[in-house]
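Source file: my_file.cif (mmCIF, C-alpha atoms and all ligand atoms; chains and numbers go by the auth columns)
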data_structure
#
loop_
_atom_site.group_PDB
_atom_site.id
_atom_site.type_symbol
_atom_site.label_atom_id
_atom_site.label_comp_id
_atom_site.label_asym_id
_atom_site.label_seq_id
_atom_site.Cartn_x
_atom_site.Cartn_y
_atom_site.Cartn_z
_atom_site.B_iso_or_equiv
_atom_site.auth_seq_id
_atom_site.auth_asym_id
ATOM 1 C CA MET A 1 113.249 119.714 147.205 0.00 1 N
ATOM 2 C CA ARG A 2 111.623 122.995 146.175 0.00 2 N
ATOM 3 C CA HIS A 3 109.408 122.746 149.206 0.00 3 N
ATOM 4 C CA ALA A 4 112.431 122.051 151.436 0.00 4 N
ATOM 5 C CA LEU A 5 114.176 125.071 149.895 0.00 5 N
ATOM 6 C CA ARG A 6 111.201 127.249 150.812 0.00 6 N
ATOM 7 C CA GLU A 7 111.604 126.059 154.396 0.00 7 N
ATOM 8 C CA ALA A 8 115.320 126.844 154.248 0.00 8 N
ATOM 9 C CA ARG A 9 114.538 130.393 153.103 0.00 9 N
ATOM 10 C CA THR A 10 112.219 130.826 156.077 0.00 10 N
ATOM 11 C CA ALA A 11 115.101 129.837 158.365 0.00 11 N
ATOM 12 C CA PHE A 12 117.308 132.358 156.536 0.00 12 N
ATOM 13 C CA GLU A 13 114.771 135.130 157.123 0.00 13 N
ATOM 14 C CA ASN A 14 114.645 134.174 160.809 0.00 14 N
ATOM 15 C CA GLY A 15 118.416 134.469 161.104 0.00 15 N
ATOM 16 C CA GLU A 16 118.817 130.708 161.438 0.00 16 N
ATOM 17 C CA ILE A 17 121.224 128.585 159.424 0.00 17 N
ATOM 18 C CA PRO A 18 119.165 128.005 156.244 0.00 18 N
ATOM 19 C CA VAL A 19 118.333 124.322 156.181 0.00 19 N
ATOM 20 C CA GLY A 20 114.852 123.076 155.318 0.00 20 N
ATOM 21 C CA ALA A 21 113.250 119.643 155.323 0.00 21 N
ATOM 22 C CA VAL A 22 110.061 117.889 154.263 0.00 22 N
ATOM 23 C CA VAL A 23 108.764 114.400 155.041 0.00 23 N
ATOM 24 C CA LEU A 24 106.641 112.795 152.325 0.00 24 N
ATOM 25 C CA ASP A 25 104.494 109.709 152.522 0.00 25 N
ATOM 26 C CA GLU A 26 104.589 106.905 149.964 0.00 26 N
ATOM 27 C CA SER A 27 102.299 108.741 147.579 0.00 27 N
ATOM 28 C CA GLY A 28 104.356 111.932 147.801 0.00 28 N
ATOM 29 C CA ASP A 29 102.015 113.865 150.067 0.00 29 N
ATOM 30 C CA VAL A 30 103.637 116.174 152.611 0.00 30 N
ATOM 31 C CA LEU A 31 103.328 114.861 156.182 0.00 31 N
ATOM 32 C CA GLY A 32 105.598 117.341 157.884 0.00 32 N
ATOM 33 C CA THR A 33 107.862 120.276 157.172 0.00 33 N
ATOM 34 C CA GLY A 34 110.576 121.959 159.161 0.00 34 N
ATOM 35 C CA HIS A 35 113.402 124.416 159.115 0.00 35 N
ATOM 36 C CA ASN A 36 116.308 124.912 161.432 0.00 36 N
ATOM 37 C CA ASP A 37 115.034 126.775 164.513 0.00 37 N
ATOM 38 C CA ARG A 38 117.792 126.172 167.026 0.00 38 N
ATOM 39 C CA GLU A 39 118.135 129.854 167.992 0.00 39 N
ATOM 40 C CA ARG A 40 114.419 130.558 168.339 0.00 40 N
ATOM 41 C CA SER A 41 113.628 127.341 170.182 0.00 41 N
ATOM 42 C CA ALA A 42 116.913 127.307 172.151 0.00 42 N
ATOM 43 C CA ASP A 43 116.911 123.601 171.390 0.00 43 N
ATOM 44 C CA PRO A 44 120.125 121.819 170.376 0.00 44 N
ATOM 45 C CA THR A 45 118.024 119.275 168.468 0.00 45 N
ATOM 46 C CA GLY A 46 116.176 121.976 166.496 0.00 46 N
ATOM 47 C CA HIS A 47 117.492 120.841 163.133 0.00 47 N
ATOM 48 C CA ALA A 48 115.180 120.976 160.110 0.00 48 N
ATOM 49 C CA GLU A 49 115.082 117.188 159.798 0.00 49 N
ATOM 50 C CA ILE A 50 114.101 116.629 163.437 0.00 50 N
ATOM 51 C CA VAL A 51 111.400 119.299 163.247 0.00 51 N
ATOM 52 C CA ALA A 52 109.989 117.761 160.035 0.00 52 N
ATOM 53 C CA MET A 53 110.135 114.199 161.385 0.00 53 N
ATOM 54 C CA ARG A 54 108.365 115.271 164.598 0.00 54 N
ATOM 55 C CA ALA A 55 105.621 116.961 162.568 0.00 55 N
ATOM 56 C CA ALA A 56 105.225 113.907 160.308 0.00 56 N
ATOM 57 C CA ALA A 57 105.087 111.520 163.273 0.00 57 N
ATOM 58 C CA ALA A 58 102.519 113.747 164.980 0.00 58 N
ATOM 59 C CA SER A 59 100.349 113.818 161.872 0.00 59 N
ATOM 60 C CA LEU A 60 100.527 110.019 161.534 0.00 60 N
ATOM 61 C CA GLY A 61 100.167 109.415 165.260 0.00 61 N
ATOM 62 C CA THR A 62 103.171 107.099 165.311 0.00 62 N
ATOM 63 C CA TRP A 63 106.951 107.420 165.582 0.00 63 N
ATOM 64 C CA ARG A 64 107.274 104.907 162.753 0.00 64 N
ATOM 65 C CA LEU A 65 107.760 106.655 159.418 0.00 65 N
ATOM 66 C CA SER A 66 108.087 103.457 157.375 0.00 66 N
ATOM 67 C CA GLY A 67 107.717 104.069 153.672 0.00 67 N
ATOM 68 C CA CYS A 68 108.308 107.799 154.098 0.00 68 N
ATOM 69 C CA THR A 69 110.949 109.980 152.495 0.00 69 N
ATOM 70 C CA LEU A 70 112.903 112.758 154.171 0.00 70 N
ATOM 71 C CA VAL A 71 113.941 115.524 151.786 0.00 71 N
ATOM 72 C CA VAL A 72 116.475 117.995 153.208 0.00 72 N
ATOM 73 C CA THR A 73 118.550 120.768 151.676 0.00 73 N
ATOM 74 C CA LEU A 74 121.790 119.797 153.461 0.00 74 N
ATOM 75 C CA GLU A 75 123.353 116.425 154.178 0.00 75 N
ATOM 76 C CA PRO A 76 122.125 115.336 157.634 0.00 76 N
ATOM 77 C CA CYS A 77 124.434 115.408 160.676 0.00 77 N
ATOM 78 C CA THR A 78 124.987 112.361 162.907 0.00 78 N
ATOM 79 C CA MET A 79 121.949 113.216 165.059 0.00 79 N
ATOM 80 C CA CYS A 80 119.580 113.565 162.109 0.00 80 N
ATOM 81 C CA ALA A 81 120.997 110.573 160.262 0.00 81 N
ATOM 82 C CA GLY A 82 120.494 108.567 163.470 0.00 82 N
ATOM 83 C CA ALA A 83 116.945 109.865 163.830 0.00 83 N
ATOM 84 C CA SER A 84 116.132 108.889 160.251 0.00 84 N
ATOM 85 C CA VAL A 85 117.218 105.330 161.045 0.00 85 N
ATOM 86 C CA GLN A 86 115.219 105.384 164.301 0.00 86 N
ATOM 87 C CA ALA A 87 112.146 106.603 162.396 0.00 87 N
ATOM 88 C CA ARG A 88 112.531 103.722 159.907 0.00 88 N
ATOM 89 C CA LEU A 89 112.456 106.132 156.976 0.00 89 N
ATOM 90 C CA ALA A 90 112.522 104.465 153.582 0.00 90 N
ATOM 91 C CA ARG A 91 114.572 107.159 151.910 0.00 91 N
ATOM 92 C CA VAL A 92 116.769 110.168 152.637 0.00 92 N
ATOM 93 C CA VAL A 93 117.120 112.704 149.831 0.00 93 N
ATOM 94 C CA TYR A 94 119.486 115.608 150.341 0.00 94 N
ATOM 95 C CA GLY A 95 120.842 118.586 148.425 0.00 95 N
ATOM 96 C CA ALA A 96 124.230 120.005 149.358 0.00 96 N
ATOM 97 C CA VAL A 97 126.941 117.793 150.813 0.00 97 N
ATOM 98 C CA ASP A 98 128.377 118.764 154.204 0.00 98 N
ATOM 99 C CA PRO A 99 132.028 117.746 154.211 0.00 99 N
ATOM 100 C CA LYS A 100 132.493 119.164 157.737 0.00 100 N
ATOM 101 C CA ALA A 101 129.680 117.363 159.542 0.00 101 N
ATOM 102 C CA GLY A 102 127.777 115.175 157.072 0.00 102 N
ATOM 103 C CA ALA A 103 126.753 111.727 158.277 0.00 103 N
ATOM 104 C CA VAL A 104 125.183 110.430 155.076 0.00 104 N
ATOM 105 C CA GLY A 105 128.314 109.737 153.076 0.00 105 N
ATOM 106 C CA SER A 106 130.776 112.526 153.925 0.00 106 N
ATOM 107 C CA LEU A 107 132.361 112.223 157.368 0.00 107 N
ATOM 108 C CA TRP A 108 130.269 109.237 158.350 0.00 108 N
ATOM 109 C CA ASP A 109 127.738 107.054 156.595 0.00 109 N
ATOM 110 C CA VAL A 110 125.370 106.326 159.443 0.00 110 N
ATOM 111 C CA VAL A 111 122.336 105.398 157.346 0.00 111 N
ATOM 112 C CA ARG A 112 124.176 102.750 155.347 0.00 112 N
ATOM 113 C CA ASP A 113 126.096 101.206 158.238 0.00 113 N
ATOM 114 C CA ARG A 114 125.603 97.472 157.832 0.00 114 N
ATOM 115 C CA ARG A 115 125.682 96.997 161.601 0.00 115 N
ATOM 116 C CA LEU A 116 122.294 98.707 161.832 0.00 116 N
ATOM 117 C CA ASN A 117 119.167 96.697 161.100 0.00 117 N
ATOM 118 C CA HIS A 118 117.480 99.486 159.137 0.00 118 N
ATOM 119 C CA ARG A 119 119.134 101.335 156.287 0.00 119 N
ATOM 120 C CA PRO A 120 117.244 104.040 154.392 0.00 120 N
ATOM 121 C CA GLU A 121 117.973 104.415 150.709 0.00 121 N
ATOM 122 C CA VAL A 122 120.004 107.560 149.922 0.00 122 N
ATOM 123 C CA VAL A 123 119.694 110.024 147.059 0.00 123 N
ATOM 124 C CA ALA A 124 122.355 112.750 147.285 0.00 124 N
ATOM 125 C CA GLY A 125 123.003 115.993 145.447 0.00 125 N
ATOM 126 C CA VAL A 126 119.447 116.927 144.436 0.00 126 N
ATOM 127 C CA MET A 127 119.449 120.646 143.506 0.00 127 N
ATOM 128 C CA ALA A 128 122.743 120.800 145.383 0.00 128 N
ATOM 129 C CA ASP A 129 123.763 124.156 143.860 0.00 129 N
ATOM 130 C CA GLU A 130 120.614 125.968 144.986 0.00 130 N
ATOM 131 C CA CYS A 131 120.764 124.387 148.439 0.00 131 N
ATOM 132 C CA GLY A 132 124.444 125.205 148.884 0.00 132 N
ATOM 133 C CA ALA A 133 124.126 128.756 147.533 0.00 133 N
ATOM 134 C CA LEU A 134 121.664 129.648 150.275 0.00 134 N
ATOM 135 C CA LEU A 135 124.124 128.494 152.947 0.00 135 N
ATOM 136 C CA THR A 136 127.043 130.285 151.299 0.00 136 N
ATOM 137 C CA GLU A 137 125.037 133.512 151.161 0.00 137 N
ATOM 138 C CA PHE A 138 123.994 133.172 154.791 0.00 138 N
ATOM 139 C CA PHE A 139 127.519 132.704 156.091 0.00 139 N
ATOM 140 C CA ALA A 140 128.919 135.412 153.800 0.00 140 N
ATOM 141 C CA ARG A 141 126.398 137.911 155.204 0.00 141 N
ATOM 142 C CA ARG A 142 127.096 136.849 158.754 0.00 142 N
ATOM 143 C CA ARG A 143 130.804 137.482 158.283 0.00 143 N
ATOM 144 C CA VAL A 144 130.117 140.948 156.896 0.00 144 N
ATOM 145 C CA GLY A 145 127.509 141.750 159.556 0.00 145 N
HETATM 146 ZN ZN ZN B . 121.086 117.539 162.074 0.00 201 N
#
Whole structure given in structure tokens:
Amino acid sequence: MRHALREARTAFENGEIPVGAVVLDESGDVLGTGHNDRERSADPTGHAEIVAMRAAAASLGTWRLSGCTLVVTLEPCTMCAGASVQARLARVVYGAVDPKAGAVGSLWDVVRDRRLNHRPEVVAGVMADECGALLTEFFARRRVG
């Protein structure tokens, strides 16, 4: 999560909503990292999780991220939760909850929907205060600015 937080800070410095993500393999080695880059890339799918999953898939040479763990500072949205199921991730670990758009337990629970044939394990609330504080600071500054 510390690594994901570093990514989130990079997004913050770039004027992007500060969310960071890391994909780890089974032994805990980093396969891919990402931070929100929607503004820079002008890409509606430029969420940290998608960027990190793309990097991990590229480094493995396959879309299948079986056995891998996604670590992200904010609860994934529906798109990212869906992508984590599509990627066959073993585990989704997130920091702050997102009551307004979260799809891993808050508004929806996409990754644990029994109608889907793959359901990643979920670990929520890891370093949630640090992850949330970065977002709070970002939006507070944006209101002032
Ligand atoms: Zn997302």
Subject >> Explicit residue set for the PyMOL selection byres (((chain N and resi 14) around 12) and not hetatm), as a ChimeraX atom specification >> reply: /N:7-13,15-19,35-41,138
Selection export as a PDB file, keeping the file's coordinate frame, atoms kept: C-alpha atoms:
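Below is the file part37.pdb, written as the result:
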ATOM      1  CA  GLU N   7     111.604 126.059 154.396  1.00  0.00           C
ATOM      2  CA  ALA N   8     115.320 126.844 154.248  1.00  0.00           C
ATOM      3  CA  ARG N   9     114.538 130.393 153.103  1.00  0.00           C
ATOM      4  CA  THR N  10     112.219 130.826 156.077  1.00  0.00           C
ATOM      5  CA  ALA N  11     115.101 129.837 158.365  1.00  0.00           C
ATOM      6  CA  PHE N  12     117.308 132.358 156.536  1.00  0.00           C
ATOM      7  CA  GLU N  13     114.771 135.130 157.123  1.00  0.00           C
ATOM      8  CA  GLY N  15     118.416 134.469 161.104  1.00  0.00           C
ATOM      9  CA  GLU N  16     118.817 130.708 161.438  1.00  0.00           C
ATOM     10  CA  ILE N  17     121.224 128.585 159.424  1.00  0.00           C
ATOM     11  CA  PRO N  18     119.165 128.005 156.244  1.00  0.00           C
ATOM     12  CA  VAL N  19     118.333 124.322 156.181  1.00  0.00           C
ATOM     13  CA  HIS N  35     113.402 124.416 159.115  1.00  0.00           C
ATOM     14  CA  ASN N  36     116.308 124.912 161.432  1.00  0.00           C
ATOM     15  CA  ASP N  37     115.034 126.775 164.513  1.00  0.00           C
ATOM     16  CA  ARG N  38     117.792 126.172 167.026  1.00  0.00           C
ATOM     17  CA  GLU N  39     118.135 129.854 167.992  1.00  0.00           C
ATOM     18  CA  ARG N  40     114.419 130.558 168.339  1.00  0.00           C
ATOM     19  CA  SER N  41     113.628 127.341 170.182  1.00  0.00           C
ATOM     20  CA  PHE N 138     123.994 133.172 154.791  1.00  0.00           C
TER      21      PHE N 138
END
**OP:** Quick one: apply the PyMOL selection byres (((chain N and resi 70) around 8) and not hetatm) to the file and drop the selected residues here as a VMD selection string.
**Re:** chain N and resid 21 to 24 49 53 68 to 69 71 to 72 84 89 91 to 93
Once you add 5 Å to each side, what are the centre and edge lengths of the axis-aligned box holding all listed atoms of region 87-100 of chain N? One decimal in Å, as lines of an AutoDock Vina configuration file, if you can.
center_x = 122.3
center_y = 111.9
center_z = 155.4
size_x = 30.3
size_y = 26.3
size_z = 24.0
**OP:** Just say which residues the PyMOL selection byres (((not hetatm)) within 6 of (chain N and resi 201)) picks in this file, as a ChimeraX atom specification.
**Re:** /N:47,76-77,79-80
For Val97 (chain N): contacts at 10 Å, only C-alpha atoms, fewer than 2 positions along chain excluded, given as an mmCIF file with C-alpha atoms, in the frame of the given file:
data_model
loop_
_atom_site.group_PDB
_atom_site.id
_atom_site.type_symbol
_atom_site.label_atom_id
_atom_site.label_comp_id
_atom_site.auth_asym_id
_atom_site.auth_seq_id
_atom_site.Cartn_x
_atom_site.Cartn_y
_atom_site.Cartn_z
ATOM 1 C CA THR N 73 118.550 120.768 151.676
ATOM 2 C CA LEU N 74 121.790 119.797 153.461
ATOM 3 C CA GLU N 75 123.353 116.425 154.178
ATOM 4 C CA PRO N 76 122.125 115.336 157.634
ATOM 5 C CA TYR N 94 119.486 115.608 150.341
ATOM 6 C CA GLY N 95 120.842 118.586 148.425
ATOM 7 C CA PRO N 99 132.028 117.746 154.211
ATOM 8 C CA LYS N 100 132.493 119.164 157.737
ATOM 9 C CA ALA N 101 129.680 117.363 159.542
ATOM 10 C CA GLY N 102 127.777 115.175 157.072
ATOM 11 C CA ALA N 103 126.753 111.727 158.277
ATOM 12 C CA VAL N 104 125.183 110.430 155.076
ATOM 13 C CA GLY N 105 128.314 109.737 153.076
ATOM 14 C CA SER N 106 130.776 112.526 153.925
ATOM 15 C CA ALA N 124 122.355 112.750 147.285
ATOM 16 C CA GLY N 125 123.003 115.993 145.447
ATOM 17 C CA VAL N 126 119.447 116.927 144.436
ATOM 18 C CA ALA N 128 122.743 120.800 145.383
ATOM 19 C CA ASP N 129 123.763 124.156 143.860
ATOM 20 C CA CYS N 131 120.764 124.387 148.439
ATOM 21 C CA GLY N 132 124.444 125.205 148.884
#
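The space separating CA of Leu134 (chain N) from CA of Thr45 (chain N) comes to 21.3 Å.
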I want to know what sits within 6 Å of Gly34 (chain N), based on only C-alpha atoms, with residues of the same chain fewer than 6 positions away left out; could you give that as an mmCIF file with C-alpha atoms, keeping the file's coordinate frame?
data_model
loop_
_atom_site.group_PDB
_atom_site.id
_atom_site.type_symbol
_atom_site.label_atom_id
_atom_site.label_comp_id
_atom_site.auth_asym_id
_atom_site.auth_seq_id
_atom_site.Cartn_x
_atom_site.Cartn_y
_atom_site.Cartn_z
ATOM 1 C CA GLY N 20 114.852 123.076 155.318
ATOM 2 C CA ALA N 21 113.250 119.643 155.323
ATOM 3 C CA ALA N 48 115.180 120.976 160.110
ATOM 4 C CA VAL N 51 111.400 119.299 163.247
ATOM 5 C CA ALA N 52 109.989 117.761 160.035
#
**OP:** Identify which of the residues N:Ala55, N:Met127, N:Leu135, N:Ala140 lies closest to His3 (chain N), counting only C-alpha atoms when measuring atom-to-atom distances.
**Re:** N:Met127
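When all atoms listed in the file are used to compute distances to Arg88 (chain N), the closest of the residues N:Leu65, N:Ala57, N:Ile50, N:Ala42 turns out to be N:Leu65.
With all atoms listed in the file as the atoms that count, the minimum distance from Val30 (chain N) to the choices N:Arg64, N:Leu5, N:Ala133, N:Ala56 is reached by N:Ala56.
Nearest to Val110 (chain N) of all the residues N:Gly32, N:Gly61, N:Gly82, N:Gly46 is N:Gly82, counting all atoms listed in the file.
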